[in-house]
Amino acid sequence: KAGKDLFSSFIASCQVFNSAITRLKPDEWQTLCYHPGGVISVQTLVRLRLLEIAIHGWDIGSRLAPPATLSVETLPLLVQFISDYIRWFFRAGTRLLDPVRFRVDFSDSYVNPVDVIVNGDSAGIEPVGTGPAKVMLLCSSETFLLIMCGRFSVSLAAEAGLLEIRGDRHLASEFSGWFQGA
């Protein structure tokens, strides 16, 4: 029965969620709540829900009616969410002798470039710094999000013409091993 009514169940659960969110007072957005990834604020839960709906909507659209796209209005918010919660997208490996700085320059004028710094066993995203980057990735914010969520590898995105790599191509290909989605 669940398979047969899956879409209607999804719509009903969205309505309940949306109704609860719209009733929140401004001071309630920082209320802590449970999530399998940890205790997070209601505001973070809403941002995570936005990411899930956007990415899984892309998953469905890319199979049923390619080419699928993410909503332009959500892209800056989703890039910021990934920046704030990079630990959910990062797959730790062996600690590196020196951190690797990947500069991501977005072709979208409404999203600021970022530096992704990987230490091997940890990673962070920050505004572009003054330090040199070993690798520069030039792409749309949508391509970056799809890479971070494990939908594309850096190599496949480059082969498809969605991303330009400047610098160490070997390190660029390793990027996808560290970031495989949430």
# chains A, B, ... in the order shown; residues from 1 in each chain; ligands from 1
call {"tool": "residues_around", "arguments": {"residues": "stretch 116-119 of chain A", "least_positions_apart": "4", "cutoff": "9 Å", "atoms": "only C-alpha atoms", "output": "PyMOL selection string"}}
result
chain A and resi 83+92-104+123-128+175+178
call {"tool": "residues_around", "arguments": {"residues": "A:Gly167", "least_positions_apart": "3", "cutoff": "7 Å", "atoms": "only C-alpha atoms", "output": "number ranges by chain"}}
result
A: 134-136
call {"tool": "write_last_selection", "arguments": {"atoms": "C-alpha atoms", "output": "PDB file, in the first residue's frame"}}
result
ATOM      1  CA  LYS A 134      46.419  24.280  -5.772  1.00  0.00           C
ATOM      2  CA  VAL A 135      43.297  23.722  -7.882  1.00  0.00           C
ATOM      3  CA  MET A 136      40.732  26.096  -9.311  1.00  0.00           C
TER       4      MET A 136
END
call {"tool": "residues_around", "arguments": {"residues": "A:Phe81", "least_positions_apart": "3", "cutoff": "12 Å", "atoms": "only C-alpha atoms", "output": "number ranges by chain"}}
result
A: 43-52, 74-78, 84-89, 125, 145, 148-149
call {"tool": "atom_distance", "arguments": {"atom1": "atom CA of A:Ser122", "atom2": "atom CA of A:Gln180"}}
result
13.9 Å
call {"tool": "closest_residue", "arguments": {"among": "A:Phe90, A:Ser141, A:Arg151, A:Gly131", "to": "A:Val111", "atoms": "only C-alpha atoms"}}
result
A:Ser141
call {"tool": "select_by_dssp", "arguments": {"residues": "chain A", "states": "alpha helix (DSSP H)", "output": "JSON, numbers by chain"}}
result
{"A": [6, 7, 8, 9, 10, 11, 12, 13, 14, 15, 16, 17, 18, 19, 20, 21, 22, 42, 43, 44, 45, 46, 47, 48, 49, 50, 51, 52, 53, 54, 55, 56, 57, 58, 59, 60, 61, 62, 63, 64, 75, 76, 77, 78, 79, 80, 81, 82, 83, 84, 141, 142, 143, 144, 145, 146, 147, 148, 154, 155, 156, 157, 158, 159, 169, 170, 171, 172, 173, 174, 175, 176, 177, 178]}
call {"tool": "closest_residue", "arguments": {"among": "A:Pro36, A:Gly177, A:Pro26, A:Pro132", "to": "A:Arg91", "atoms": "only C-alpha atoms"}}
result
A:Gly177
call {"tool": "closest_residue", "arguments": {"among": "A:Thr22, A:Ser140, A:Thr31, A:Asn112", "to": "A:Leu162", "atoms": "only C-alpha atoms"}}
result
A:Ser140
call {"tool": "closest_residue", "arguments": {"among": "A:Ser155, A:Ser107, A:Ser13, A:Asn18", "to": "A:Arg169", "atoms": "only C-alpha atoms"}}
result
A:Ser155
call {"tool": "decode", "arguments": {"residues": "stretch 30-45 of chain A", "atoms": "N, CA, C and O atoms", "output": "compact mmCIF listing (two decimals), in the first residue's frame"}}
result
# COMPACT_ATOMS: atom_id res chain seq x y z
N GLN A 30 15.53 28.91 16.26
CA GLN A 30 16.77 28.34 16.80
C GLN A 30 16.51 27.20 17.79
O GLN A 30 17.45 26.66 18.38
N THR A 31 15.25 26.81 17.95
CA THR A 31 14.92 25.68 18.81
C THR A 31 15.62 24.43 18.29
O THR A 31 15.63 24.17 17.09
N LEU A 32 16.22 23.69 19.19
CA LEU A 32 16.94 22.48 18.80
C LEU A 32 15.98 21.32 18.60
O LEU A 32 14.98 21.20 19.32
N CYS A 33 16.30 20.49 17.62
CA CYS A 33 15.49 19.31 17.34
C CYS A 33 16.40 18.17 16.90
O CYS A 33 17.56 18.38 16.55
N TYR A 34 15.85 16.97 16.92
CA TYR A 34 16.63 15.78 16.57
C TYR A 34 16.69 15.60 15.06
O TYR A 34 15.71 15.80 14.35
N HIS A 35 17.86 15.19 14.60
CA HIS A 35 18.07 14.75 13.22
C HIS A 35 19.10 13.64 13.29
O HIS A 35 19.99 13.69 14.15
N PRO A 36 19.02 12.63 12.42
CA PRO A 36 20.02 11.55 12.48
C PRO A 36 21.47 12.05 12.38
O PRO A 36 22.38 11.40 12.89
N GLY A 37 21.69 13.22 11.78
CA GLY A 37 23.04 13.78 11.67
C GLY A 37 23.48 14.52 12.92
O GLY A 37 24.62 14.95 13.01
N GLY A 38 22.58 14.69 13.87
CA GLY A 38 22.90 15.38 15.12
C GLY A 38 21.76 16.29 15.54
O GLY A 38 20.74 16.41 14.86
N VAL A 39 21.93 16.92 16.67
CA VAL A 39 20.93 17.87 17.16
C VAL A 39 21.17 19.18 16.41
O VAL A 39 22.27 19.72 16.40
N ILE A 40 20.11 19.66 15.74
CA ILE A 40 20.22 20.85 14.89
C ILE A 40 19.06 21.80 15.19
O ILE A 40 18.06 21.40 15.80
N SER A 41 19.19 23.03 14.74
CA SER A 41 18.12 24.00 14.93
C SER A 41 17.00 23.73 13.91
O SER A 41 17.22 23.11 12.86
N VAL A 42 15.83 24.24 14.22
CA VAL A 42 14.70 24.14 13.28
C VAL A 42 15.07 24.82 11.96
O VAL A 42 14.78 24.30 10.88
N GLN A 43 15.76 25.95 12.03
CA GLN A 43 16.18 26.66 10.82
C GLN A 43 17.06 25.75 9.95
O GLN A 43 16.89 25.69 8.73
N THR A 44 17.98 25.04 10.57
CA THR A 44 18.85 24.12 9.82
C THR A 44 18.04 22.98 9.23
O THR A 44 18.28 22.56 8.10
N LEU A 45 17.07 22.48 9.98
CA LEU A 45 16.21 21.41 9.48
C LEU A 45 15.45 21.86 8.23
O LEU A 45 15.35 21.11 7.25
